[in-house]
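K.L.:
my_file.txt is reproduced below (compact mmCIF, C-alpha atoms and all ligand atoms).
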# COMPACT_ATOMS: atom_id res chain seq x y z
CA MET Z 141 0.00 0.00 0.00
CA GLU Z 142 1.25 3.46 -0.86
CA ASN Z 143 1.76 6.00 1.89
CA TYR Z 144 -0.82 8.71 2.30
CA LYS Z 145 0.50 11.97 0.88
CA HIS Z 146 -2.19 14.48 1.79
CA ILE Z 147 -4.44 14.15 4.82
CA LEU Z 148 -7.47 16.38 5.39
CA LEU Z 149 -8.68 16.97 8.94
CA ALA Z 150 -12.35 17.98 9.05
CA ALA Z 151 -12.58 20.15 12.16
CA ASP Z 152 -15.93 21.14 13.65
CA PHE Z 153 -14.57 22.55 16.95
CA PHE Z 154 -17.09 20.58 18.90
CA GLY Z 155 -16.82 18.16 21.81
CA LEU Z 156 -13.99 15.69 21.37
CA GLY Z 157 -12.62 17.38 18.26
CA GLU Z 158 -9.10 17.43 19.69
CA VAL Z 159 -9.06 13.61 19.66
CA VAL Z 160 -9.73 13.70 15.92
CA ALA Z 161 -7.10 16.41 15.40
CA THR Z 162 -4.47 14.46 17.35
CA ARG Z 163 -5.14 11.34 15.27
CA ALA Z 164 -4.86 13.26 12.00
CA LYS Z 165 -1.61 14.87 13.12
CA ASP Z 166 -0.19 11.52 14.24
CA LEU Z 167 -1.03 9.93 10.88
CA ALA Z 168 0.46 12.85 8.97
CA ASP Z 169 3.68 12.50 10.97
CA ARG Z 170 3.85 8.73 10.45
CA TYR Z 171 3.28 8.99 6.72
CA GLN Z 172 5.21 12.23 6.38
CA ALA Z 173 2.13 13.51 4.62
CA LYS Z 174 0.94 17.05 4.13
CA LEU Z 175 -1.82 17.94 6.62
CA SER Z 176 -4.64 20.37 5.80
CA ILE Z 177 -7.44 21.55 8.07
CA LEU Z 178 -10.93 22.26 6.78
CA HIS Z 179 -13.71 23.92 8.73
CA VAL Z 180 -17.07 24.47 7.05
CA LEU Z 181 -19.39 27.26 8.09
CA ASP Z 182 -22.81 25.75 7.78
CA SER Z 183 -24.89 28.03 5.57
CA LEU Z 184 -28.29 26.68 6.56
CA PRO Z 185 -30.84 29.48 6.73
CA LEU Z 186 -31.53 30.78 10.22
CA ILE Z 187 -34.91 29.67 11.44
CA ASP Z 188 -37.28 31.86 13.39
CA PRO Z 189 -39.84 29.63 15.16
CA ALA Z 190 -42.64 32.06 14.33
CA TYR Z 191 -41.79 32.81 10.69
CA GLY Z 192 -39.77 29.85 9.43
CA PRO Z 193 -36.52 30.32 7.52
CA VAL Z 194 -36.48 34.09 7.35
CA ILE Z 195 -32.81 34.97 7.20
CA PRO Z 196 -31.19 33.12 4.32
CA PHE Z 197 -28.01 35.16 4.54
CA ASP Z 198 -27.08 37.88 6.96
CA MET Z 199 -23.88 39.55 5.77
CA ASP Z 200 -22.78 41.01 9.13
CA LEU Z 201 -23.40 37.78 10.93
CA THR Z 202 -21.56 35.86 8.23
CA ALA Z 203 -18.56 38.16 8.47
CA GLU Z 204 -18.47 37.73 12.26
CA LEU Z 205 -18.75 33.96 11.98
CA MET Z 206 -16.00 33.93 9.38
CA LYS Z 207 -13.75 36.01 11.63
CA ALA Z 208 -14.32 33.67 14.58
CA ALA Z 209 -13.77 30.60 12.39
CA LYS Z 210 -10.49 32.00 11.05
CA LYS Z 211 -9.24 32.53 14.61
CA ARG Z 212 -10.07 28.98 15.68
CA VAL Z 213 -8.61 27.42 12.55
CA ALA Z 214 -5.45 29.53 12.91
CA LYS Z 215 -5.05 28.42 16.55
CA LEU Z 216 -5.50 24.76 15.62
CA GLY Z 217 -3.12 25.23 12.69
CA GLU Z 218 -0.50 26.61 15.04
CA GLU Z 219 -0.96 23.69 17.44
CA LEU Z 220 -0.65 21.12 14.67
CA GLY Z 221 2.04 22.90 12.68
CA VAL Z 222 -0.23 23.41 9.68
CA PRO Z 223 0.75 26.47 7.60
CA GLU Z 224 -1.76 29.19 6.77
CA GLU Z 225 -2.22 28.14 3.15
CA SER Z 226 -3.43 24.72 4.36
CA GLN Z 227 -5.94 26.18 6.82
CA LEU Z 228 -9.17 26.10 4.85
CA ILE Z 229 -12.58 27.58 5.58
CA GLU Z 230 -15.57 27.07 3.31
CA MET Z 231 -19.25 27.87 3.52
CA GLY Z 232 -21.99 25.42 2.76
CA SER Z 233 -22.94 21.89 3.64
CA PRO Z 234 -20.11 20.32 5.69
CA LYS Z 235 -20.31 16.89 4.04
CA LEU Z 236 -20.46 18.29 0.50
CA GLU Z 237 -17.66 20.78 1.09
CA ILE Z 238 -15.41 18.18 2.76
CA VAL Z 239 -15.82 15.85 -0.23
CA ARG Z 240 -15.39 18.70 -2.77
CA ILE Z 241 -12.25 20.11 -1.16
CA ALA Z 242 -10.75 16.62 -0.78
CA GLU Z 243 -11.07 16.13 -4.55
CA GLU Z 244 -9.89 19.63 -5.41
CA LYS Z 245 -6.77 19.34 -3.23
CA ASN Z 246 -5.92 15.75 -4.17
CA VAL Z 247 -6.41 14.51 -0.63
CA ASP Z 248 -5.96 10.76 -0.18
CA LEU Z 249 -7.22 10.43 3.40
CA ILE Z 250 -10.00 12.38 5.12
CA VAL Z 251 -10.11 12.23 8.92
CA VAL Z 252 -13.47 12.94 10.59
CA GLY Z 253 -14.94 12.22 14.00
CA SER Z 254 -17.60 9.52 14.19
CA HIS Z 255 -19.85 12.07 15.91
CA GLY Z 256 -19.90 15.81 16.29
CA ARG Z 257 -22.60 18.37 16.65
CA HIS Z 258 -25.28 16.11 15.27
CA GLY Z 259 -25.38 13.88 18.31
CA PHE Z 260 -24.63 10.37 19.40
CA ALA Z 261 -28.00 8.87 18.60
CA LEU Z 262 -26.79 7.54 15.26
CA LEU Z 263 -24.12 4.92 14.71
CA LEU Z 264 -22.30 7.52 12.65
CA GLY Z 265 -23.02 11.26 12.65
CA SER Z 266 -24.63 12.60 9.48
CA THR Z 267 -21.49 14.39 8.29
CA ALA Z 268 -19.24 11.38 8.82
CA ASN Z 269 -21.82 9.18 7.10
CA GLY Z 270 -22.18 11.53 4.12
CA VAL Z 271 -18.43 11.86 3.67
CA LEU Z 272 -17.98 8.09 3.91
CA HIS Z 273 -20.58 7.57 1.19
CA HIS Z 274 -19.42 10.20 -1.25
CA ALA Z 275 -15.66 10.63 -0.89
CA LYS Z 276 -13.51 9.16 -3.62
CA CYS Z 277 -10.56 8.65 -1.26
CA ASP Z 278 -10.12 6.79 2.04
CA VAL Z 279 -11.99 8.10 5.06
CA LEU Z 280 -11.08 7.50 8.69
CA ALA Z 281 -13.92 8.01 11.15
CA VAL Z 282 -12.26 8.36 14.55
CA ARG Z 283 -14.51 6.65 17.07
CA LEU Z 284 -15.67 9.17 19.66
CA GLN Z 285 -17.37 7.74 22.73
CA ASP Z 286 -20.36 9.38 24.34
CA SER Z 287 -19.18 10.67 27.78
P1 LIG L 1 -21.45 15.09 12.78
O1 LIG L 1 -21.83 14.27 11.61
O2 LIG L 1 -21.93 16.50 12.74
O3 LIG L 1 -21.83 14.40 14.06
O4 LIG L 1 -19.86 15.27 12.76
C1 LIG L 1 -18.97 14.20 12.55
C2 LIG L 1 -17.61 14.74 12.13
O5 LIG L 1 -17.74 15.42 10.87
C3 LIG L 1 -16.96 15.74 13.07
O6 LIG L 1 -16.26 15.10 14.13
C4 LIG L 1 -16.02 16.47 12.11
O7 LIG L 1 -14.84 15.71 11.88
C5 LIG L 1 -16.84 16.50 10.82
N1 LIG L 1 -17.61 17.76 10.71
C6 LIG L 1 -18.88 17.99 11.11
N2 LIG L 1 -19.25 19.26 10.88
C7 LIG L 1 -18.17 19.86 10.33
C8 LIG L 1 -17.89 21.20 9.87
N3 LIG L 1 -18.81 22.17 9.94
N4 LIG L 1 -16.67 21.46 9.35
C9 LIG L 1 -15.73 20.49 9.27
N5 LIG L 1 -15.93 19.22 9.70
C10 LIG L 1 -17.13 18.90 10.21
What would the structure in this file look like if it were written as structure tokens?
P.N.:
Amino acid sequence: MENYKHILLAADFFGLGEVVATRAKDLADRYQAKLSILHVLDSLPLIDPAYGPVIPFDMDLTAELMKAAKKRVAKLGEELGVPEESQLIEMGSPKLEIVRIAEEKNVDLIVVGSHGRHGFALLLGSTANGVLHHAKCDVLAVRLQDS
């Protein structure tokens, strides 16, 4: 089997995310592979309980979220020794963007957590499941235990 050359860490900054990050970093070191970080800002419309999806896109809010995301990705990049050009932020559906970026950047291994924001009720979280189904490269779902 060939060594992995480019590993993509999908970081959601939720719960046990550092376990996933540590595993991705460890694999990148072992394989002497390039490591990239991707965080996706979910662009689902904001829902008002009374009016339904009323705010499809709020520019100020988006700019603030982007600023906060950049800070967190930069901090993680510093911790993992990932240079700025490999710290990626996209907007959209996390699973679609993770798969798209992996193809665009010639990634050969995507590292995700088994569960993130979308809860432990499922065997695999919806993002991990979607990436597993659609990615053209290998996917490692790092098992995260509830509690
Ligand atoms: P979930 O399917 O939301 O439970 O998340 C499972 C895993 O998918 C997380 O541990 C992350 O590795 C990845 N993931 C989820 N949401 C995002 C996101 N917005 N950006 C990057 N990776 C994500």
K.L.:
9 Å from ligand LIG 1 (chain L) is the threshold here; counting all atoms listed in the file, which polymer residues fall inside it? Answer as a PDB file with C-alpha atoms, in the frame of the given file.
P.N.:
ATOM      1  CA  LEU Z 149      -8.680  16.970   8.940  1.00  0.00           C
ATOM      2  CA  ALA Z 150     -12.350  17.980   9.050  1.00  0.00           C
ATOM      3  CA  ALA Z 151     -12.580  20.150  12.160  1.00  0.00           C
ATOM      4  CA  ASP Z 152     -15.930  21.140  13.650  1.00  0.00           C
ATOM      5  CA  PHE Z 153     -14.570  22.550  16.950  1.00  0.00           C
ATOM      6  CA  PHE Z 154     -17.090  20.580  18.900  1.00  0.00           C
ATOM      7  CA  GLY Z 155     -16.820  18.160  21.810  1.00  0.00           C
ATOM      8  CA  LEU Z 156     -13.990  15.690  21.370  1.00  0.00           C
ATOM      9  CA  GLY Z 157     -12.620  17.380  18.260  1.00  0.00           C
ATOM     10  CA  VAL Z 160      -9.730  13.700  15.920  1.00  0.00           C
ATOM     11  CA  ALA Z 161      -7.100  16.410  15.400  1.00  0.00           C
ATOM     12  CA  ILE Z 177      -7.440  21.550   8.070  1.00  0.00           C
ATOM     13  CA  LEU Z 178     -10.930  22.260   6.780  1.00  0.00           C
ATOM     14  CA  HIS Z 179     -13.710  23.920   8.730  1.00  0.00           C
ATOM     15  CA  VAL Z 180     -17.070  24.470   7.050  1.00  0.00           C
ATOM     16  CA  LEU Z 181     -19.390  27.260   8.090  1.00  0.00           C
ATOM     17  CA  ASP Z 182     -22.810  25.750   7.780  1.00  0.00           C
ATOM     18  CA  ILE Z 229     -12.580  27.580   5.580  1.00  0.00           C
ATOM     19  CA  GLU Z 230     -15.570  27.070   3.310  1.00  0.00           C
ATOM     20  CA  MET Z 231     -19.250  27.870   3.520  1.00  0.00           C
ATOM     21  CA  GLY Z 232     -21.990  25.420   2.760  1.00  0.00           C
ATOM     22  CA  SER Z 233     -22.940  21.890   3.640  1.00  0.00           C
ATOM     23  CA  PRO Z 234     -20.110  20.320   5.690  1.00  0.00           C
ATOM     24  CA  LYS Z 235     -20.310  16.890   4.040  1.00  0.00           C
ATOM     25  CA  GLU Z 237     -17.660  20.780   1.090  1.00  0.00           C
ATOM     26  CA  ILE Z 238     -15.410  18.180   2.760  1.00  0.00           C
ATOM     27  CA  ILE Z 250     -10.000  12.380   5.120  1.00  0.00           C
ATOM     28  CA  VAL Z 251     -10.110  12.230   8.920  1.00  0.00           C
ATOM     29  CA  VAL Z 252     -13.470  12.940  10.590  1.00  0.00           C
ATOM     30  CA  GLY Z 253     -14.940  12.220  14.000  1.00  0.00           C
ATOM     31  CA  SER Z 254     -17.600   9.520  14.190  1.00  0.00           C
ATOM     32  CA  HIS Z 255     -19.850  12.070  15.910  1.00  0.00           C
ATOM     33  CA  GLY Z 256     -19.900  15.810  16.290  1.00  0.00           C
ATOM     34  CA  ARG Z 257     -22.600  18.370  16.650  1.00  0.00           C
ATOM     35  CA  HIS Z 258     -25.280  16.110  15.270  1.00  0.00           C
ATOM     36  CA  GLY Z 259     -25.380  13.880  18.310  1.00  0.00           C
ATOM     37  CA  PHE Z 260     -24.630  10.370  19.400  1.00  0.00           C
ATOM     38  CA  LEU Z 262     -26.790   7.540  15.260  1.00  0.00           C
ATOM     39  CA  LEU Z 264     -22.300   7.520  12.650  1.00  0.00           C
ATOM     40  CA  GLY Z 265     -23.020  11.260  12.650  1.00  0.00           C
ATOM     41  CA  SER Z 266     -24.630  12.600   9.480  1.00  0.00           C
ATOM     42  CA  THR Z 267     -21.490  14.390   8.290  1.00  0.00           C
ATOM     43  CA  ALA Z 268     -19.240  11.380   8.820  1.00  0.00           C
ATOM     44  CA  ASN Z 269     -21.820   9.180   7.100  1.00  0.00           C
ATOM     45  CA  GLY Z 270     -22.180  11.530   4.120  1.00  0.00           C
ATOM     46  CA  VAL Z 271     -18.430  11.860   3.670  1.00  0.00           C
ATOM     47  CA  ALA Z 281     -13.920   8.010  11.150  1.00  0.00           C
ATOM     48  CA  VAL Z 282     -12.260   8.360  14.550  1.00  0.00           C
ATOM     49  CA  LEU Z 284     -15.670   9.170  19.660  1.00  0.00           C
TER      50      LEU Z 284
END
K.L.:
So the first atom is CA of Ala208 (chain Z) and the second is CA of Gly221 (chain Z); what is the distance between them in Å, to one decimal place?
P.N.:
19.7 Å
K.L.:
Work out how far CA of Asp200 (chain Z) is from CA of Ser226 (chain Z), in Å to one decimal.
P.N.:
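Computing it gives 25.7 Å between the two atoms.
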K.L.:
Which neighbours of His146 (chain Z) fall inside 7 Å, counting all atoms listed in the file, when residues of the same chain fewer than 2 positions from it are skipped, and could you give them as a compact mmCIF listing (two decimals) with C-alpha atoms, keeping the file's coordinate frame?
P.N.:
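Saved to part.txt:
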# COMPACT_ATOMS: atom_id res chain seq x y z
CA TYR Z 144 -0.82 8.71 2.30
CA LEU Z 148 -7.47 16.38 5.39
CA ALA Z 173 2.13 13.51 4.62
CA LYS Z 174 0.94 17.05 4.13
CA LEU Z 175 -1.82 17.94 6.62
CA VAL Z 247 -6.41 14.51 -0.63
CA ASP Z 248 -5.96 10.76 -0.18
CA LEU Z 249 -7.22 10.43 3.40
K.L.:
Rounded to one decimal, what separation in Å do you get between CA of Lys210 (chain Z) and CA of Glu158 (chain Z)?
P.N.:
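Taking CA of Lys210 (chain Z) as the start and CA of Glu158 (chain Z) as the end point, the length is 17.0 Å.
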K.L.:
Can you find the residues with an atom no farther than 10 Å from (-1.5, 24.1, 8.5), counting only C-alpha atoms, and report them as a VMD selection string?
P.N.:
chain Z and resid 174 to 178 213 to 228
K.L.:
Can you work out which one of Z:Leu272, Z:Glu142, Z:Lys211, Z:Asp166 has the shortest atom-to-atom distance to Val239 (chain Z), counting all atoms listed in the file?
P.N.:
Z:Leu272
K.L.:
Once 5 Å is added on each side, what are the centre and the three edge lengths, in Å to one decimal, of the axis-aligned box enclosing the listed atoms of region 163-181 of chain Z? Present them as AutoDock Vina command-line options.
P.N.:
--center_x -7.1 --center_y 18.0 --center_z 9.7 --size_x 34.6 --size_y 28.5 --size_z 21.1
